[in-house]
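**Q** I'm passing along structure-v9.cif; it holds mmCIF, C-alpha atoms and all ligand atoms.
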```
data_final
loop_
_atom_site.label_atom_id
_atom_site.label_comp_id
_atom_site.auth_asym_id
_atom_site.auth_seq_id
_atom_site.Cartn_x
_atom_site.Cartn_y
_atom_site.Cartn_z
CA MET Z 1 69.12 70.47 -10.60
CA LYS Z 2 65.96 71.12 -8.67
CA LEU Z 3 65.91 71.83 -4.94
CA TYR Z 4 62.50 71.48 -3.28
CA ILE Z 5 62.05 73.62 -0.20
CA THR Z 6 59.49 75.40 1.93
CA PRO Z 7 60.36 78.99 2.90
CA GLY Z 8 60.03 78.25 6.63
CA SER Z 9 61.93 74.96 6.80
CA PRO Z 10 65.23 75.29 8.68
CA TYR Z 11 66.51 72.07 7.07
CA ALA Z 12 65.76 73.37 3.59
CA ARG Z 13 67.37 76.65 4.61
CA MET Z 14 70.67 74.86 5.20
CA ALA Z 15 70.66 73.63 1.60
CA ARG Z 16 69.65 77.08 0.32
CA ILE Z 17 72.56 78.63 2.24
CA VAL Z 18 75.01 76.20 0.64
CA VAL Z 19 73.59 76.99 -2.83
CA LEU Z 20 74.33 80.68 -2.21
CA GLU Z 21 77.70 80.14 -0.52
CA LYS Z 22 78.86 77.99 -3.43
CA GLY Z 23 77.48 80.31 -6.13
CA LEU Z 24 75.19 77.60 -7.51
CA GLU Z 25 72.16 79.81 -8.16
CA SER Z 26 72.29 79.27 -11.93
CA ARG Z 27 72.56 75.49 -11.59
CA VAL Z 28 69.96 74.88 -8.88
CA GLU Z 29 66.32 75.76 -9.42
CA ILE Z 30 64.60 76.40 -6.09
CA ILE Z 31 61.03 75.10 -6.03
CA ALA Z 32 58.51 75.63 -3.23
CA ALA Z 33 56.87 72.32 -2.35
CA LYS Z 34 53.45 71.87 -0.79
CA THR Z 35 54.10 69.75 2.28
CA ARG Z 36 51.85 68.41 5.05
CA VAL Z 37 48.65 68.35 2.98
CA THR Z 38 46.66 65.34 1.84
CA ASP Z 39 47.44 64.22 -1.72
CA SER Z 40 49.97 66.96 -2.46
CA PRO Z 41 51.31 66.61 -6.01
CA TYR Z 42 54.75 66.90 -4.36
CA TYR Z 43 54.39 63.31 -3.08
CA ARG Z 44 54.77 62.10 -6.68
CA THR Z 45 58.18 63.84 -6.74
CA ASN Z 46 59.29 62.90 -3.22
CA PRO Z 47 57.20 60.16 -1.61
CA SER Z 48 58.40 61.07 1.90
CA GLY Z 49 56.88 64.53 1.41
CA ARG Z 50 59.80 66.14 3.22
CA VAL Z 51 62.03 69.03 2.25
CA PRO Z 52 64.78 69.61 1.38
CA TYR Z 53 64.86 67.30 -1.62
CA LEU Z 54 67.40 67.63 -4.42
CA ILE Z 55 66.91 66.16 -7.86
CA ARG Z 56 70.34 65.88 -9.38
CA ASP Z 57 71.09 66.48 -13.06
CA ASP Z 58 71.04 62.70 -13.60
CA GLY Z 59 67.49 62.57 -12.23
CA VAL Z 60 68.39 60.88 -8.95
CA GLY Z 61 66.73 62.38 -5.85
CA LEU Z 62 68.49 63.02 -2.55
CA GLU Z 63 66.88 63.46 0.88
CA GLU Z 64 68.42 64.79 4.13
CA SER Z 65 69.86 68.26 4.54
CA ALA Z 66 73.31 66.97 5.52
CA VAL Z 67 73.57 64.77 2.41
CA ILE Z 68 72.27 67.50 0.11
CA CYS Z 69 74.62 70.12 1.58
CA ALA Z 70 77.62 67.80 1.18
CA TYR Z 71 76.62 66.95 -2.41
CA LEU Z 72 76.24 70.62 -3.36
CA ASP Z 73 79.48 71.52 -1.61
CA HIS Z 74 81.41 68.86 -3.55
CA LEU Z 75 80.03 69.73 -6.99
CA ASP Z 76 82.95 71.98 -7.88
CA GLY Z 77 85.57 69.58 -6.52
CA ASN Z 78 86.60 72.20 -3.97
CA PRO Z 79 84.49 71.59 -0.87
CA ALA Z 80 84.33 74.41 1.68
CA PHE Z 81 82.42 72.57 4.39
CA ASP Z 82 84.26 69.26 4.75
CA LEU Z 83 85.47 68.24 8.21
CA PRO Z 84 88.82 69.66 9.33
CA ALA Z 85 91.79 67.34 9.64
CA GLY Z 86 92.79 65.30 12.67
CA ASP Z 87 91.17 65.58 16.08
CA GLN Z 88 89.41 68.77 15.02
CA ALA Z 89 87.12 66.59 12.89
CA TRP Z 90 85.60 65.16 16.07
CA GLU Z 91 85.12 68.63 17.48
CA ALA Z 92 83.41 69.71 14.26
CA ARG Z 93 81.15 66.64 14.36
CA ARG Z 94 80.39 67.16 18.04
CA LEU Z 95 79.39 70.79 17.49
CA GLU Z 96 77.34 70.01 14.40
CA ALA Z 97 75.51 67.27 16.30
CA LEU Z 98 74.88 69.66 19.20
CA ALA Z 99 73.44 72.25 16.84
CA ARG Z 100 71.31 69.63 15.07
CA SER Z 101 70.04 68.41 18.41
CA MET Z 102 68.77 71.89 19.21
CA LEU Z 103 67.34 72.26 15.70
CA ASP Z 104 65.53 68.91 15.86
CA GLY Z 105 63.84 69.90 19.12
CA LEU Z 106 62.81 73.28 17.74
CA ALA Z 107 61.42 71.63 14.61
CA VAL Z 108 59.18 69.45 16.80
CA TRP Z 109 58.06 72.55 18.72
CA GLY Z 110 57.41 74.52 15.52
CA ARG Z 111 55.40 71.64 14.07
CA GLU Z 112 53.29 71.48 17.22
CA MET Z 113 52.55 75.20 16.95
CA LEU Z 114 51.34 74.76 13.38
CA ARG Z 115 48.51 72.56 14.65
CA PRO Z 116 45.20 74.16 15.60
CA GLN Z 117 45.33 75.26 19.24
CA HIS Z 118 42.95 72.53 20.45
CA GLU Z 119 45.16 69.82 18.90
CA ARG Z 120 48.40 71.03 20.49
CA SER Z 121 49.97 69.00 23.25
CA PRO Z 122 50.91 71.24 26.21
CA GLY Z 123 53.27 68.46 27.34
CA VAL Z 124 55.18 68.46 24.05
CA VAL Z 125 55.32 72.26 23.97
CA GLN Z 126 56.65 72.40 27.55
CA HIS Z 127 59.20 69.66 26.90
CA GLU Z 128 60.55 71.46 23.84
CA THR Z 129 60.47 74.84 25.58
CA ASP Z 130 62.62 73.43 28.39
CA ARG Z 131 64.96 71.64 25.98
CA ALA Z 132 65.47 74.83 23.98
CA GLN Z 133 66.34 76.71 27.16
CA ARG Z 134 68.91 74.10 28.21
CA MET Z 135 70.41 74.03 24.72
CA ALA Z 136 70.71 77.84 24.65
CA ASP Z 137 72.56 77.61 27.98
CA VAL Z 138 74.95 75.03 26.50
CA TRP Z 139 75.53 77.13 23.39
CA GLU Z 140 76.27 80.24 25.44
CA LEU Z 141 79.28 78.28 26.75
CA GLU Z 142 80.25 76.63 23.45
CA ILE Z 143 79.93 79.66 21.19
CA ASP Z 144 83.52 80.80 21.84
CA HIS Z 145 84.85 77.52 20.42
CA PRO Z 146 87.32 78.36 17.62
CA LEU Z 147 85.27 76.33 15.13
CA MET Z 148 82.24 78.51 15.86
CA ARG Z 149 84.27 81.68 15.32
CA GLY Z 150 86.34 80.64 12.29
CA ALA Z 151 85.42 80.02 8.65
CA LEU Z 152 81.79 79.13 7.98
CA ASN Z 153 81.10 75.43 8.52
CA MET Z 154 78.14 73.09 8.90
CA ALA Z 155 77.97 73.51 12.69
CA GLN Z 156 77.62 77.27 12.25
CA ILE Z 157 75.05 76.92 9.46
CA THR Z 158 73.02 74.45 11.52
CA LEU Z 159 73.06 76.62 14.65
CA ALA Z 160 72.13 79.74 12.66
CA CYS Z 161 69.14 77.89 11.19
CA ALA Z 162 68.12 76.66 14.66
CA LEU Z 163 68.32 80.09 16.32
CA GLY Z 164 66.61 81.68 13.30
CA LEU Z 165 63.48 79.74 14.20
CA GLU Z 166 62.69 82.54 16.67
CA ALA Z 167 60.91 84.09 13.67
CA ARG Z 168 58.63 81.06 13.39
CA ILE Z 169 58.08 80.12 17.04
CA PRO Z 170 56.74 83.14 18.92
CA HIS Z 171 57.55 81.78 22.40
CA LEU Z 172 61.09 80.69 21.56
CA ARG Z 173 63.15 83.05 23.68
CA TRP Z 174 66.77 81.93 23.47
CA ARG Z 175 68.16 85.48 23.78
CA PRO Z 176 67.68 86.48 27.44
CA GLY Z 177 70.74 85.59 29.53
CA HIS Z 178 72.77 84.60 26.46
CA PRO Z 179 74.67 87.72 25.37
CA LYS Z 180 77.47 85.89 23.57
CA LEU Z 181 74.98 83.85 21.57
CA CYS Z 182 73.08 87.04 20.67
CA ASP Z 183 76.29 88.64 19.48
CA TRP Z 184 77.29 85.56 17.46
CA PHE Z 185 73.86 85.31 15.88
CA GLY Z 186 73.79 89.01 15.04
CA ARG Z 187 77.01 88.61 13.08
CA ILE Z 188 76.12 85.45 11.21
CA ALA Z 189 72.59 86.68 10.47
CA ALA Z 190 74.11 89.58 8.54
CA ARG Z 191 76.02 87.25 6.20
CA PRO Z 192 74.35 87.55 2.76
CA SER Z 193 73.50 83.83 2.40
CA ILE Z 194 71.95 83.76 5.88
CA ALA Z 195 70.10 87.06 5.47
CA ALA Z 196 68.73 86.04 2.07
CA THR Z 197 67.25 82.80 3.43
CA ALA Z 198 65.70 84.16 6.65
CA PRO Z 199 62.39 82.40 7.32
CA PRO Z 200 59.17 84.36 7.08
CA GLY Z 201 57.81 85.42 10.46
CA ALA Z 202 54.73 83.75 11.82
CA SER Z 203 52.16 84.47 14.46
CA LEU Z 204 51.10 80.88 14.55
CA ASN Z 205 47.50 80.02 15.24
CA GLY Z 206 46.88 82.65 17.81
CA ALA Z 207 50.21 82.49 19.65
CA THR Z 208 51.48 85.93 20.64
CA PRO Z 209 55.06 86.96 19.88
CA ASP Z 210 56.99 87.44 23.10
CA LYS Z 211 60.54 88.53 22.48
CA ALA Z 212 62.46 90.22 25.24
CA PRO Z 213 65.91 91.09 23.93
N1 LIG S 301 66.20 65.01 8.79
C1 LIG S 301 65.60 65.77 7.72
C2 LIG S 301 64.41 66.56 8.27
C3 LIG S 301 63.60 67.19 7.16
C4 LIG S 301 62.23 67.67 7.69
O1 LIG S 301 61.73 67.21 8.71
N2 LIG S 301 61.63 68.62 6.97
C5 LIG S 301 60.31 69.12 7.35
C6 LIG S 301 60.26 70.63 7.18
S1 LIG S 301 61.20 71.43 8.43
C7 LIG S 301 59.27 68.56 6.39
O2 LIG S 301 59.53 68.43 5.22
N3 LIG S 301 58.08 68.26 6.88
C8 LIG S 301 56.99 67.81 6.05
C9 LIG S 301 56.35 66.56 6.55
O3 LIG S 301 56.71 66.10 7.65
O4 LIG S 301 55.50 66.02 5.86
C10 LIG S 301 66.66 66.68 7.08
O5 LIG S 301 67.64 67.01 7.77
O6 LIG S 301 66.52 67.04 5.91
#
```
What does the file become when written as structure tokens?

**A**
Amino acid sequence: MKLYITPGSPYARMARIVVLEKGLESRVEIIAAKTRVTDSPYYRTNPSGRVPYLIRDDGVGLEESAVICAYLDHLDGNPAFDLPAGDQAWEARRLEALARSMLDGLAVWGREMLRPQHERSPGVVQHETDRAQRMADVWELEIDHPLMRGALNMAQITLACALGLEARIPHLRWRPGHPKLCDWFGRIAARPSIAATAPPGASLNGATPDKAP
């Protein structure tokens, strides 16, 4: 199988984490795609131009991090990241959606910061800055949920990838005032699959890192 990624994509990172967690390194070739450029050869592989993108052994391509993660997790017939039974399934879905909501906002913010400074929208940046702050407040309260403290699951992977975007977005400051979230992130960031997929840092187009602990 071939998994197309970019090193900084948090969505691709989720798939890369599942590859490592499931010991699929020998079955999945990781390929860096060239995204967001005119006429990239990658568009002949995946017309949407997005990552992650998985080409299965039968040649069929899959989009969407959640679909790709579920597919990889089920390959061995012993999924580790399926929903728990009963009412807990709704809690798991709620938490995963909450983490994805934060991630989606941060992805918009990160994309804006990749644009040249004169093309950036201050309104979009402010909106996403405020959203990220509110979501960090919510997660400071939710992080003690048993599903966030138990065995690794998709909500935890998604939140780790969202918070890890601090390396890519210099003004993302989710840490101040959120000690429990800092503690949680410190632990999960040390997990080998999370550490091995950490995004490269970026001082994006003139923005200055600003990281109070
Ligand atoms: N909903 C998608 C989002 C994927 C996505 O937006 N990926 C970004 C990288 S973080 C991308 O490929 N952007 C390239 C482009 O927009 O052309 C998923 O969960 O996989």

**Q** Need the axis-aligned box for ligand LIG 301 (chain S) with 8 Å each side, so what are the centre and edges in Å to one decimal, as lines of an AutoDock Vina configuration file?

**A**
```
center_x = 61.6
center_y = 68.2
center_z = 7.0
size_x = 28.1
size_y = 22.4
size_z = 19.6
```

**Q** Between chain Z and ligand LIG 301 (chain S), at 6 Å or less, what are the per-residue closest atom pairs and their distances in Å? Count all atoms listed in the file, order by chain and rising residue number, and return it as CSV.

**A**
```
residue,atom,partner,partner_atom,distance
Z:Ser9,CA,S:LIG301,S1,4.0
Z:Pro10,CA,S:LIG301,S1,5.6
Z:Tyr11,CA,S:LIG301,O6,5.2
Z:Thr35,CA,S:LIG301,C8,5.1
Z:Arg36,CA,S:LIG301,O4,4.4
Z:Gly49,CA,S:LIG301,O4,4.9
Z:Arg50,CA,S:LIG301,O2,3.1
Z:Val51,CA,S:LIG301,O2,3.9
Z:Pro52,CA,S:LIG301,O6,5.5
Z:Glu64,CA,S:LIG301,O6,3.4
Z:Ser65,CA,S:LIG301,O6,3.8
```

**Q** Within 12 Å of (83.5, 69.7, 17.5) (coordinates as in the file), grab all the protein and nucleic acid residues, counting all atoms listed in the file, and write them out as a list in words.

**A**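 It turns out the residues near that spot are Leu83, Pro84, Ala85, Gly86, Asp87, Gln88, Ala89, Trp90, Glu91, Ala92, Arg93, Arg94, Leu95, Glu96, Ala97, Leu98, Ala99, Glu142, Ile143, Asp144, His145, Pro146, Leu147, Met148, Asn153, Met154, Ala155 and Gln156 of chain Z.
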
**Q** As a tab-separated table (two decimals) with C-alpha atoms, in the frame of the given file, please: the residues near Lys2 (chain Z) (cut-off 10 Å, only C-alpha atoms, same-chain neighbours under 6 positions excluded).

**A**
```tsv
chain	number	residue	atom	x	y	z
Z	27	ARG	CA	72.56	75.49	-11.59
Z	28	VAL	CA	69.96	74.88	-8.88
Z	29	GLU	CA	66.32	75.76	-9.42
Z	30	ILE	CA	64.60	76.40	-6.09
Z	31	ILE	CA	61.03	75.10	-6.03
Z	53	TYR	CA	64.86	67.30	-1.62
Z	54	LEU	CA	67.40	67.63	-4.42
Z	55	ILE	CA	66.91	66.16	-7.86
Z	56	ARG	CA	70.34	65.88	-9.38
Z	57	ASP	CA	71.09	66.48	-13.06
Z	59	GLY	CA	67.49	62.57	-12.23
Z	61	GLY	CA	66.73	62.38	-5.85
```

**Q** Using all atoms listed in the file, pick whichever of Z:Trp139, Z:Phe81, Z:Trp109, Z:Phe185 has the shortest atom-to-atom distance to Val67 (chain Z).

**A**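 Ranking Z:Trp139, Z:Phe81, Z:Trp109, Z:Phe185 by distance to Val67 (chain Z), first place goes to Z:Phe81.
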
**Q** Between Z:Asn78, Z:Thr6, Z:Gln126, Z:Ser193, single out the one closest to Lys34 (chain Z), counting all atoms listed in the file.

**A** Z:Thr6

**Q** If you count only C-alpha atoms, which residues fall within 12 Å of Gly177 (chain Z), apart from same-chain ones fewer than 5 positions away, as a PyMOL selection string?

**A** chain Z and resi 133-134+136-141+182-183+212-213

**Q** For Arg191 (chain Z), find every residue with an atom within 12 Å (counting all atoms listed in the file), except residues of its own chain fewer than 4 positions away, and show them as a PDB file with C-alpha atoms, in the coordinates of the input.

**A**
```
ATOM      1  CA  ILE Z  17      72.560  78.630   2.240  1.00  0.00           C
ATOM      2  CA  LEU Z  20      74.330  80.680  -2.210  1.00  0.00           C
ATOM      3  CA  GLU Z  21      77.700  80.140  -0.520  1.00  0.00           C
ATOM      4  CA  LEU Z 152      81.790  79.130   7.980  1.00  0.00           C
ATOM      5  CA  GLN Z 156      77.620  77.270  12.250  1.00  0.00           C
ATOM      6  CA  ILE Z 157      75.050  76.920   9.460  1.00  0.00           C
ATOM      7  CA  ALA Z 160      72.130  79.740  12.660  1.00  0.00           C
ATOM      8  CA  TRP Z 184      77.290  85.560  17.460  1.00  0.00           C
ATOM      9  CA  PHE Z 185      73.860  85.310  15.880  1.00  0.00           C
ATOM     10  CA  GLY Z 186      73.790  89.010  15.040  1.00  0.00           C
ATOM     11  CA  ARG Z 187      77.010  88.610  13.080  1.00  0.00           C
ATOM     12  CA  ALA Z 195      70.100  87.060   5.470  1.00  0.00           C
ATOM     13  CA  ALA Z 196      68.730  86.040   2.070  1.00  0.00           C
ATOM     14  CA  THR Z 197      67.250  82.800   3.430  1.00  0.00           C
ATOM     15  CA  ALA Z 198      65.700  84.160   6.650  1.00  0.00           C
TER      16      ALA Z 198
END
```

**Q** I want to know what sits within 9 Å of Val18 (chain Z), based on only C-alpha atoms, with residues of the same chain fewer than 2 positions away left out; could you give that as a list in words?

**A**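 What passes the distance filter is Arg13, Met14, Ala15, Arg16, Leu20, Glu21, Lys22, Gly23, Leu24, Cys69, Ala70, Leu72, Asp73, Ile157 and Ser193 of chain Z.
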
**Q** Using all atoms listed in the file, find all polymer residues with an atom at most 10 Å away from the point (65.3, 82.2, 15.3); report them as a JSON list (two decimals) with C-alpha atoms, in the frame of the given file.

**A**
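Output below, filename out.json:
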```
[["chain", "number", "residue", "atom", "x", "y", "z"],
["Z", 10, "PRO", "CA", 65.23, 75.29, 8.68],
["Z", 106, "LEU", "CA", 62.81, 73.28, 17.74],
["Z", 159, "LEU", "CA", 73.06, 76.62, 14.65],
["Z", 160, "ALA", "CA", 72.13, 79.74, 12.66],
["Z", 161, "CYS", "CA", 69.14, 77.89, 11.19],
["Z", 162, "ALA", "CA", 68.12, 76.66, 14.66],
["Z", 163, "LEU", "CA", 68.32, 80.09, 16.32],
["Z", 164, "GLY", "CA", 66.61, 81.68, 13.30],
["Z", 165, "LEU", "CA", 63.48, 79.74, 14.20],
["Z", 166, "GLU", "CA", 62.69, 82.54, 16.67],
["Z", 167, "ALA", "CA", 60.91, 84.09, 13.67],
["Z", 168, "ARG", "CA", 58.63, 81.06, 13.39],
["Z", 169, "ILE", "CA", 58.08, 80.12, 17.04],
["Z", 170, "PRO", "CA", 56.74, 83.14, 18.92],
["Z", 172, "LEU", "CA", 61.09, 80.69, 21.56],
["Z", 173, "ARG", "CA", 63.15, 83.05, 23.68],
["Z", 174, "TRP", "CA", 66.77, 81.93, 23.47],
["Z", 175, "ARG", "CA", 68.16, 85.48, 23.78],
["Z", 185, "PHE", "CA", 73.86, 85.31, 15.88],
["Z", 189, "ALA", "CA", 72.59, 86.68, 10.47],
["Z", 198, "ALA", "CA", 65.70, 84.16, 6.65],
["Z", 199, "PRO", "CA", 62.39, 82.40, 7.32],
["Z", 201, "GLY", "CA", 57.81, 85.42, 10.46]]
```

**Q** What is the distance, in Å and to one decimal place, between CA of His171 (chain Z) and CA of Glu128 (chain Z)?

**A**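 About the pair CA of His171 (chain Z) and CA of Glu128 (chain Z): they are 10.8 Å apart.
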
**Q** Have a look at CA of Ile5 (chain Z) and CA of Ala33 (chain Z) and let me know their distance in Å, one decimal.

**A**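 Spanning CA of Ile5 (chain Z) to CA of Ala33 (chain Z) is a straight-line distance of 5.8 Å.
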
**Q** What's the separation between CA of Tyr71 (chain Z) and CA of Thr158 (chain Z), in Å to one decimal place?

**A**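 Interatomic distance, CA of Tyr71 (chain Z) to CA of Thr158 (chain Z): 16.2 Å.
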